[in-house]
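A.B. asks: This is entry14.cif, which holds mmCIF, C-alpha atoms and all ligand atoms:
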data_structure
#
loop_
_atom_site.label_atom_id
_atom_site.label_comp_id
_atom_site.auth_asym_id
_atom_site.auth_seq_id
_atom_site.Cartn_x
_atom_site.Cartn_y
_atom_site.Cartn_z
CA MET A 717 63.89 110.37 74.91
CA GLY A 718 64.78 109.78 78.58
CA ILE A 719 67.44 112.41 79.24
CA ALA A 720 66.08 115.92 79.48
CA HIS A 721 67.70 118.24 76.98
CA GLU A 722 69.42 121.30 78.48
CA VAL A 723 68.36 124.66 77.12
CA GLU A 724 69.51 128.19 78.08
CA TRP A 725 67.24 131.23 78.22
CA LYS A 726 67.56 134.93 78.86
CA GLN A 727 64.84 137.53 79.05
CA LEU A 728 65.67 140.56 76.87
CA THR A 729 62.84 142.78 78.13
CA LEU A 730 61.05 142.71 81.49
CA GLY A 731 57.74 143.57 79.85
CA HIS A 732 54.84 145.59 81.25
CA LEU A 733 51.23 146.37 80.42
CA SER A 734 49.57 149.54 79.16
CA ARG A 735 47.11 149.22 82.07
CA ASN A 736 47.05 146.98 85.14
CA LYS A 737 43.83 146.51 87.06
CA PHE A 738 45.77 145.25 90.08
CA TRP A 739 47.10 148.79 90.50
CA GLY A 740 43.58 150.22 90.27
CA GLU A 741 43.95 151.21 86.61
CA ASP A 742 40.90 151.33 84.37
CA PRO A 743 40.77 148.95 81.37
CA ASP A 744 39.49 151.70 79.05
CA THR A 745 42.51 153.94 79.55
CA GLN A 746 45.96 153.41 78.09
CA TYR A 747 48.27 154.66 80.86
CA HIS A 748 51.57 154.04 79.14
CA SER A 749 53.14 152.28 76.18
CA VAL A 750 53.13 148.50 76.23
CA VAL A 751 56.20 146.23 76.12
CA ALA A 752 55.92 142.44 75.90
CA SER A 753 58.44 139.99 77.35
CA SER A 754 61.02 139.01 74.72
CA THR A 755 63.23 136.00 75.45
CA LEU A 756 66.24 134.45 73.76
CA VAL A 757 66.25 130.65 73.96
CA ARG A 758 69.41 128.81 73.03
CA ASP A 759 69.16 125.09 72.30
CA GLY A 760 72.65 123.90 71.30
CA ASP A 761 73.52 126.00 68.24
CA ILE A 762 69.95 127.08 67.61
CA ASN A 763 69.03 130.62 68.66
CA ILE A 764 65.30 131.19 69.05
CA LEU A 765 64.00 134.73 69.60
CA VAL A 766 60.58 134.55 71.20
CA ASP A 767 58.13 137.48 70.88
CA PRO A 768 60.37 140.32 69.62
CA THR A 769 58.63 143.42 71.01
CA LEU A 770 61.05 146.26 70.22
CA PRO A 771 62.17 147.62 66.83
CA VAL A 772 64.94 145.43 65.40
CA ASP A 773 67.76 147.92 66.17
CA GLU A 774 66.81 148.10 69.84
CA MET A 775 66.24 144.32 69.98
CA GLU A 776 69.68 143.74 68.45
CA ASN A 777 71.23 146.15 70.94
CA ARG A 778 69.86 143.96 73.76
CA LEU A 779 70.84 140.71 72.04
CA GLN A 780 74.39 142.06 71.85
CA ARG A 781 74.54 143.42 75.40
CA TYR A 782 72.97 140.41 77.14
CA CYS A 783 73.85 137.48 74.85
CA GLY A 784 76.66 138.57 72.50
CA LEU A 785 74.42 137.91 69.47
CA GLY A 786 73.37 139.95 66.43
CA ARG A 787 70.22 139.88 64.28
CA ASN A 788 71.99 137.55 61.82
CA ASP A 789 72.43 134.92 64.56
CA ILE A 790 68.71 134.40 65.06
CA ASP A 791 67.64 131.09 63.47
CA ILE A 792 63.99 131.08 64.52
CA ILE A 793 61.52 133.76 65.55
CA PHE A 794 58.62 132.26 67.44
CA ALA A 795 55.56 134.43 68.12
CA THR A 796 53.36 133.05 70.93
CA HIS A 797 50.38 134.63 69.12
CA PHE A 798 49.75 136.92 66.18
CA HIS A 799 49.39 140.25 68.05
CA THR A 800 51.74 142.91 66.67
CA ASP A 801 53.62 143.62 69.92
CA HIS A 802 54.86 139.98 69.92
CA ARG A 803 56.41 139.95 66.44
CA LEU A 804 57.65 143.48 65.81
CA GLU A 805 59.80 143.79 62.65
CA ALA A 806 60.13 140.00 62.55
CA GLU A 807 60.93 140.23 58.84
CA LYS A 808 64.16 142.13 59.59
CA TYR A 809 66.13 139.14 60.94
CA PRO A 810 67.70 137.88 57.69
CA ASN A 811 68.36 134.26 58.71
CA ALA A 812 65.29 133.60 60.82
CA LYS A 813 62.44 131.28 60.01
CA LEU A 814 59.17 132.83 61.25
CA TYR A 815 56.97 130.48 63.23
CA MET A 816 53.66 130.58 65.06
CA SER A 817 51.58 127.59 66.13
CA ALA A 818 49.36 126.06 63.46
CA GLU A 819 46.40 127.26 65.58
CA SER A 820 47.68 130.87 65.47
CA ILE A 821 47.98 130.65 61.67
CA GLN A 822 44.33 129.56 61.78
CA ASP A 823 43.49 132.61 63.97
CA VAL A 824 45.08 134.88 61.36
CA ALA A 825 43.16 133.23 58.50
CA GLU A 826 39.85 133.64 60.34
CA LEU A 827 40.49 137.24 61.29
CA ARG A 828 41.33 137.98 57.66
CA LYS A 829 37.99 136.50 56.58
CA GLU A 830 36.04 138.45 59.24
CA GLY A 831 37.76 141.80 58.65
CA GLY A 832 36.70 144.64 60.97
CA ALA A 833 38.54 146.70 63.57
CA PHE A 834 40.68 143.89 65.05
CA ALA A 835 41.87 142.86 61.59
CA GLN A 836 42.87 146.48 60.93
CA ILE A 837 44.93 146.61 64.13
CA PHE A 838 46.59 143.21 64.03
CA LEU A 839 47.00 142.04 60.43
CA ASN A 840 50.12 143.97 59.55
CA GLY A 841 53.90 143.60 59.27
CA ALA A 842 55.02 140.10 58.36
CA VAL A 843 51.95 138.38 59.82
CA PHE A 844 51.29 136.41 56.61
CA ASP A 845 54.94 135.26 56.34
CA PHE A 846 54.72 133.13 59.48
CA GLU A 847 54.53 129.37 59.01
CA ALA A 848 53.02 126.69 61.21
CA ALA A 849 55.66 125.59 63.75
CA PRO A 850 56.47 121.92 64.25
CA ARG A 851 55.41 120.70 67.73
CA GLN A 852 59.09 120.07 68.48
CA LEU A 853 60.56 123.47 67.63
CA SER A 854 64.12 122.25 68.36
CA PRO A 855 65.44 119.11 70.08
CA GLY A 856 64.78 120.51 73.58
CA VAL A 857 61.96 122.98 72.96
CA GLU A 858 58.31 122.04 72.58
CA VAL A 859 55.37 124.11 71.39
CA HIS A 860 52.48 123.79 73.85
CA PRO A 861 48.94 125.10 73.22
CA LEU A 862 47.81 127.66 75.84
CA PRO A 863 44.53 128.97 74.44
CA GLY A 864 42.79 131.88 76.18
CA HIS A 865 44.19 135.28 75.23
CA THR A 866 43.84 134.16 71.61
CA LEU A 867 42.49 130.73 70.67
CA GLY A 868 45.72 129.70 68.95
CA LEU A 869 48.17 131.07 71.51
CA SER A 870 50.94 128.57 72.19
CA GLY A 871 53.82 128.72 74.61
CA LEU A 872 57.23 127.08 74.56
CA VAL A 873 58.28 124.50 77.16
CA PHE A 874 61.82 123.33 77.92
CA THR A 875 64.04 122.21 80.80
CA SER A 876 66.83 124.46 82.03
CA GLY A 877 68.91 124.04 85.20
CA GLY A 878 66.65 121.18 86.26
CA LYS A 879 63.56 123.43 86.10
CA LYS A 880 60.71 123.21 83.66
CA VAL A 881 60.25 126.62 82.04
CA LEU A 882 57.18 127.90 80.17
CA LEU A 883 57.26 130.98 77.94
CA ALA A 884 53.55 131.64 78.29
CA GLY A 885 52.68 134.63 76.11
CA ASP A 886 49.62 136.68 77.04
CA THR A 887 47.43 133.88 78.36
CA ILE A 888 49.46 134.59 81.52
CA MET A 889 49.98 138.38 81.51
CA ASN A 890 52.18 138.64 84.61
CA ALA A 891 52.62 137.24 88.14
CA GLU A 892 49.69 139.28 89.51
CA PHE A 893 47.25 137.91 86.91
CA TYR A 894 48.61 134.39 87.47
CA HIS A 895 48.20 134.48 91.26
CA ALA A 896 44.65 135.82 90.85
CA ARG A 897 44.06 133.21 88.07
CA GLU A 898 42.63 135.96 85.88
CA GLY A 899 42.91 136.66 82.19
CA TYR A 900 43.28 140.05 80.51
CA PHE A 901 40.20 142.08 79.61
CA ILE A 902 40.59 141.44 75.86
CA ASP A 903 41.05 137.65 76.12
CA ALA A 904 39.21 135.66 73.44
CA ASN A 905 38.03 133.07 75.98
CA GLN A 906 38.41 133.53 79.76
CA GLU A 907 37.43 129.91 80.56
CA LYS A 908 40.20 128.64 78.31
CA THR A 909 42.63 131.08 79.97
CA ALA A 910 41.76 129.56 83.37
CA VAL A 911 42.31 126.00 82.08
CA SER A 912 45.65 126.98 80.51
CA MET A 913 46.77 128.63 83.78
CA GLU A 914 45.87 125.48 85.73
CA TRP A 915 47.92 123.40 83.31
CA ALA A 916 50.91 125.70 83.85
CA ALA A 917 50.49 125.62 87.63
CA LYS A 918 50.62 121.81 87.61
CA ASN A 919 53.26 121.20 84.96
CA VAL A 920 56.03 123.81 85.06
CA ASP A 921 58.32 125.41 87.66
CA ILE A 922 58.97 128.80 86.08
CA ILE A 923 56.74 131.02 83.95
CA VAL A 924 57.90 133.85 81.72
CA PRO A 925 54.60 135.70 81.29
CA GLY A 926 53.54 137.78 78.27
CA HIS A 927 54.21 141.15 79.92
CA GLY A 928 56.42 140.79 82.99
CA ASP A 929 59.44 139.25 84.67
CA TRP A 930 59.62 135.48 85.20
CA PHE A 931 58.35 133.91 88.44
CA PHE A 932 58.08 130.53 90.18
CA THR A 933 54.72 128.77 89.89
CA SER A 934 55.19 127.48 93.45
CA ASP A 935 55.37 131.00 94.95
CA GLN A 936 52.72 131.16 97.61
CA ALA A 937 50.16 133.85 96.90
CA THR A 938 51.17 137.02 98.67
CA GLY A 939 48.04 138.12 100.49
CA GLY A 940 47.96 139.78 103.90
CA GLU A 941 50.68 137.61 105.42
CA LYS A 942 54.23 138.82 106.12
CA THR A 943 55.67 137.69 102.86
CA LEU A 944 57.56 140.17 100.77
CA GLN A 945 57.09 140.78 97.08
CA TRP A 946 60.00 141.70 94.90
CA ARG A 947 60.60 142.88 91.35
CA LYS A 948 63.76 143.45 89.37
CA LEU A 949 63.65 147.00 88.02
CA ASN A 950 66.11 146.56 85.17
CA LEU A 951 67.96 144.10 83.00
CA CYS A 952 71.61 144.92 82.57
CA ALA A 953 74.83 143.98 80.85
CA SER A 954 77.94 142.71 82.58
CA GLY A 955 79.52 145.42 84.76
CA GLU A 956 76.13 146.98 85.58
CA GLU A 957 73.91 146.22 88.56
CA THR A 958 70.33 145.23 89.01
CA ALA A 959 68.04 147.42 91.12
CA VAL A 960 65.38 145.55 93.09
CA LEU A 961 62.09 146.81 94.53
CA VAL A 962 60.83 144.98 97.63
CA GLN A 963 57.37 145.56 99.10
CA ALA A 964 56.70 144.78 102.76
CA GLY A 965 53.29 145.96 103.93
CA ASN A 966 53.27 149.74 103.34
CA GLU A 967 57.01 149.86 102.83
CA ASN A 968 58.44 150.18 99.33
CA ILE A 969 62.14 149.45 99.63
CA LEU A 970 64.64 149.96 96.82
CA ILE A 971 67.80 147.85 96.99
CA ASN A 972 70.67 149.17 94.83
CA SER A 973 69.98 152.66 93.52
CA THR A 974 71.65 152.00 90.18
CA LEU A 975 69.23 153.82 87.83
CA ARG A 976 68.80 157.52 87.23
CA GLY A 977 66.26 160.07 86.02
CA HIS A 978 63.48 158.86 83.75
CA LEU A 979 64.94 155.32 83.75
CA LEU A 980 64.39 155.15 87.50
CA ARG A 981 60.91 156.73 87.27
CA ASP A 982 59.81 154.43 84.44
CA ALA A 983 61.23 151.32 86.10
CA ILE A 984 59.41 151.96 89.38
CA TYR A 985 56.15 152.66 87.56
CA ASP A 986 56.45 149.70 85.16
CA ALA A 987 57.15 147.31 88.03
CA LYS A 988 54.46 148.37 90.48
CA GLY A 989 52.64 151.50 89.29
CA LEU A 990 54.47 153.69 91.84
CA GLU A 991 56.03 157.16 91.77
CA PRO A 992 59.56 157.64 93.17
CA SER A 993 58.01 159.56 96.08
CA ALA A 994 56.32 156.28 97.16
CA ILE A 995 59.71 154.71 97.92
CA THR A 996 60.04 154.69 101.72
CA ARG A 997 63.57 153.29 102.08
CA VAL A 998 66.63 152.92 99.89
CA ILE A 999 69.32 150.40 100.76
CA CYS A 1000 72.56 151.26 98.94
CA LEU A 1001 74.84 148.24 99.03
CA LYS A 1002 77.83 150.51 98.38
CA SER A 1003 78.44 154.21 98.95
CA ASP A 1004 80.03 155.17 95.62
CA PRO A 1005 78.11 157.35 93.10
CA GLN A 1006 77.10 154.36 90.89
CA HIS A 1007 75.26 152.78 93.82
CA THR A 1008 73.57 155.94 95.08
CA LEU A 1009 72.20 157.29 91.79
CA ASP A 1010 69.42 159.85 91.97
CA VAL A 1011 68.63 159.16 95.58
CA PRO A 1012 67.12 162.70 95.97
CA ILE A 1013 64.28 161.84 93.52
CA MET A 1014 62.98 159.48 96.19
CA LYS A 1015 62.28 162.41 98.43
CA ASN A 1016 60.36 160.53 101.13
CA ALA A 1017 62.89 157.74 101.49
CA GLN A 1018 65.23 157.07 104.38
CA LEU A 1019 68.67 156.07 103.15
CA TYR A 1020 70.71 153.14 104.37
CA LEU A 1021 74.16 151.65 103.95
CA PRO A 1022 75.63 148.45 105.35
CA LYS A 1023 76.96 149.10 108.85
CA ARG A 1024 80.53 148.28 107.80
CA THR A 1025 80.39 150.70 104.86
CA LEU A 1026 78.91 153.49 106.98
CA GLU A 1027 81.63 153.07 109.62
CA ALA A 1028 84.29 153.28 106.89
CA GLU A 1029 82.62 156.44 105.47
CA LYS A 1030 82.77 158.09 108.87
CA GLN A 1031 86.50 157.37 109.10
CA SER A 1032 87.22 158.76 105.66
CA THR A 1033 87.77 162.50 105.36
CA GLU A 1034 87.42 162.42 101.56
CA ASN A 1035 83.69 161.84 101.63
CA GLY A 1036 83.07 164.78 103.89
CA PRO A 1037 79.72 164.80 105.69
CA ARG A 1038 77.91 162.70 103.01
CA HIS A 1039 77.47 159.83 105.45
CA LEU A 1040 75.18 161.99 107.60
CA ALA A 1041 72.29 161.31 105.21
CA PHE A 1042 72.63 157.55 105.66
CA ASN A 1043 71.73 155.18 108.49
CA ALA A 1044 73.05 151.70 109.15
CA TRP A 1045 70.46 149.13 107.96
CA GLU A 1046 68.92 147.00 110.64
CA LYS A 1047 66.38 144.27 110.12
CA THR A 1048 63.06 144.80 111.93
CA PRO A 1049 59.84 142.74 112.07
CA GLU A 1050 58.22 145.32 109.73
CA MET A 1051 61.13 145.17 107.30
CA PRO A 1052 62.39 141.58 107.41
CA ILE A 1053 65.42 142.06 105.17
CA ASP A 1054 68.79 140.84 106.42
CA LEU A 1055 71.88 142.72 105.35
CA ILE A 1056 74.96 140.54 105.83
CA GLU A 1057 78.57 140.51 104.73
CA ILE A 1058 80.02 137.64 102.72
CA GLY A 1059 83.70 138.34 102.06
CA SER A 1060 83.91 141.85 100.66
CA SER A 1061 80.33 141.72 99.39
CA SER A 1062 77.26 143.13 101.16
CA VAL A 1063 74.20 140.97 100.62
CA CYS A 1064 70.49 141.65 101.24
CA VAL A 1065 68.58 138.44 101.96
CA PHE A 1066 64.80 138.12 102.29
CA ASN A 1067 62.01 135.57 101.94
CA SER A 1068 59.33 135.91 99.30
CA GLY A 1069 56.55 133.43 98.56
CA GLY A 1070 58.48 130.59 100.22
CA LYS A 1071 61.73 131.36 98.36
CA LYS A 1072 64.93 132.97 99.66
CA ILE A 1073 66.25 135.84 97.53
CA ALA A 1074 69.75 137.39 97.76
CA VAL A 1075 70.87 140.70 96.23
CA SER A 1076 74.66 141.14 96.37
CA SER A 1077 77.12 143.89 95.64
CA ASP A 1078 80.35 142.75 93.93
CA HIS A 1079 81.01 139.13 93.42
CA CYS A 1080 80.13 136.95 96.37
CA ASP A 1081 80.69 133.24 96.88
CA GLU A 1082 77.75 131.46 95.27
CA GLN A 1083 78.33 128.30 97.30
CA ALA A 1084 77.91 130.35 100.48
CA LEU A 1085 74.52 131.52 99.17
CA ILE A 1086 73.50 127.95 98.31
CA ASN A 1087 74.54 126.80 101.80
CA MET A 1088 72.29 129.51 103.25
CA GLY A 1089 69.36 128.09 101.27
CA VAL A 1090 69.16 130.95 98.76
CA HIS A 1091 66.97 130.10 95.75
CA VAL A 1092 67.58 133.18 93.58
CA SER A 1093 70.82 135.18 93.51
CA ILE A 1094 70.88 138.64 91.99
CA MET A 1095 74.52 139.61 91.65
CA GLY A 1096 75.58 142.49 89.43
CA ALA A 1097 73.88 142.00 86.06
CA ASP A 1098 73.15 138.30 86.67
CA THR A 1099 70.06 136.71 88.10
CA ARG A 1100 70.67 133.03 88.80
CA ILE A 1101 68.28 130.37 89.96
CA LEU A 1102 70.40 128.37 92.42
CA GLN A 1103 67.87 125.77 93.59
ZN ZN A 1201 48.40 139.83 72.95
#
Transcribe the structure of this file into structure tokens.
Ligand SMILES: [Zn+2]

C.D. replies:
Amino acid sequence: MGIAHEVEWKQLTLGHLSRNKFWGEDPDTQYHSVVASSTLVRDGDINILVDPTLPVDEMENRLQRYCGLGRNDIDIIFATHFHTDHRLEAEKYPNAKLYMSAESIQDVAELRKEGGAFAQIFLNGAVFDFEAAPRQLSPGVEVHPLPGHTLGLSGLVFTSGGKKVLLAGDTIMNAEFYHAREGYFIDANQEKTAVSMEWAAKNVDIIVPGHGDWFFTSDQATGGEKTLQWRKLNLCASGEETAVLVQAGNENILINSTLRGHLLRDAIYDAKGLEPSAITRVICLKSDPQHTLDVPIMKNAQLYLPKRTLEAEKQSTENGPRHLAFNAWEKTPEMPIDLIEIGSSSVCVFNSGGKKIAVSSDHCDEQALINMGVHVSIMGADTRILQ
């Protein structure tokens, strides 16, 4: 083979769990509805939809908004395992071949033989229409066994932008479970989960977990030290902007208040199990209404604007006394987030787990970010891995 094959990927849902023990939630209670991570993988002309988790209409809506594709464009649906939330309405993509690993097909056959409560819950929809996937799903995409959550669970591995990416399914639930090297409470075999996680840690750069946003395997664990944790709160289409939650000690800082109402509430809860009242600071990169949505919901938060923007607000008579609610952001040892200007764009820059993250308003010069050593750029709707 020699030359690594280039593959593109885009997460279509951020994914979250129905309960998360790392937020102090009890395994026996379902706190909210579950959403898995769905990803579109494009290898040349081949469109692979991995783990469709929403009804087909909603999935198609996202395919259109984020990738310009419809349900007819999907060539392959790959389910990392047979659980229903990873193959919802798979039969409704007219041109798609339905694949699971041969081991997952085996799981289904055995569960069918056993019967019982699990069979009742999981053997539904198009589960019997799935066929055993070839090990090489497409020229650049490989099926890799990751037993643990189920015995047959298999992820997909490919190279994109010089990074090795693993779509891991539920053997790796999210970044918190990965860093703790722990499986989920219903895993078929916890020892196998641990072995699969170790394989991922040693062999790939980026993991898209079963129920969460992607992360770097090399992120240093974020214990008591002064390293910030961050989460994207939304996925968006071109012209929209990503909101980002950053945690620094007891501070919960929202960058870009671009969500409103229940979308904002749900996003904050899904990302970290928090209520809007737990947000301590909001950094609005711009002062217009789109960038200061629903700020009053976060009733305990101090509000900030870039210094330059705040000065301009004070000069302008149109905005009246609105600027009085805002302060100019300044970096402190407790809140180590820089807010700088690059051209006309305001950019928040912070370190997390050994990586430098930038969140920009408008379009800002990507080369300038690379020169500053930025690893991940969040600009408008786009999240790009720069190095
Ligand atoms: Zn599952």

A.B. asks: Find, counting all atoms listed in the file, the residue in A:Met1051, A:Ala987, A:Leu975, A:Ala953 that gets nearest to Asn777 of chain A.

C.D. replies: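 When distances to Asn777 of chain A are compared using all atoms listed in the file, the smallest one comes from A:Ala953.
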
A.B. asks: Please determine, counting only C-alpha atoms, which residue among A:Ser1032, A:Asn972, A:Thr866, A:Thr887 has the shortest atom-to-atom distance to Ile923 of chain A.

C.D. replies: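 Nearest to Ile923 of chain A: A:Thr887.
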
A.B. asks: Within 9 Å of ligand ZN 1201 (chain A), counting only C-alpha atoms and all ligand atoms, which protein or nucleic acid residues do you find, written as a PyMOL selection string?

C.D. replies: chain A and resi 752+796-802+865-866+869+885-887+889+902-903+926

A.B. asks: If I take atom CA of Ser870 of chain A and atom CA of Ser1068 of chain A, how far is one from the other in Å, to one decimal?

C.D. replies: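 These atoms are spaced 29.3 Å apart.
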
A.B. asks: Of the candidates A:Glu722, A:Phe1066, A:Asn736, A:Gln1103, which shows the shortest atom-to-atom distance to Gly989 of chain A, using only C-alpha atoms?

C.D. replies: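 Closest to Gly989 of chain A, using only C-alpha atoms: A:Asn736.
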
A.B. asks: Point out the residue among A:Lys726, A:Arg897, A:Lys1072, A:His927 with the least atom-to-atom distance to Arg758 of chain A, counting all atoms listed in the file.

C.D. replies: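 Answer, going by the shortest atom-to-atom distance: A:Lys726.
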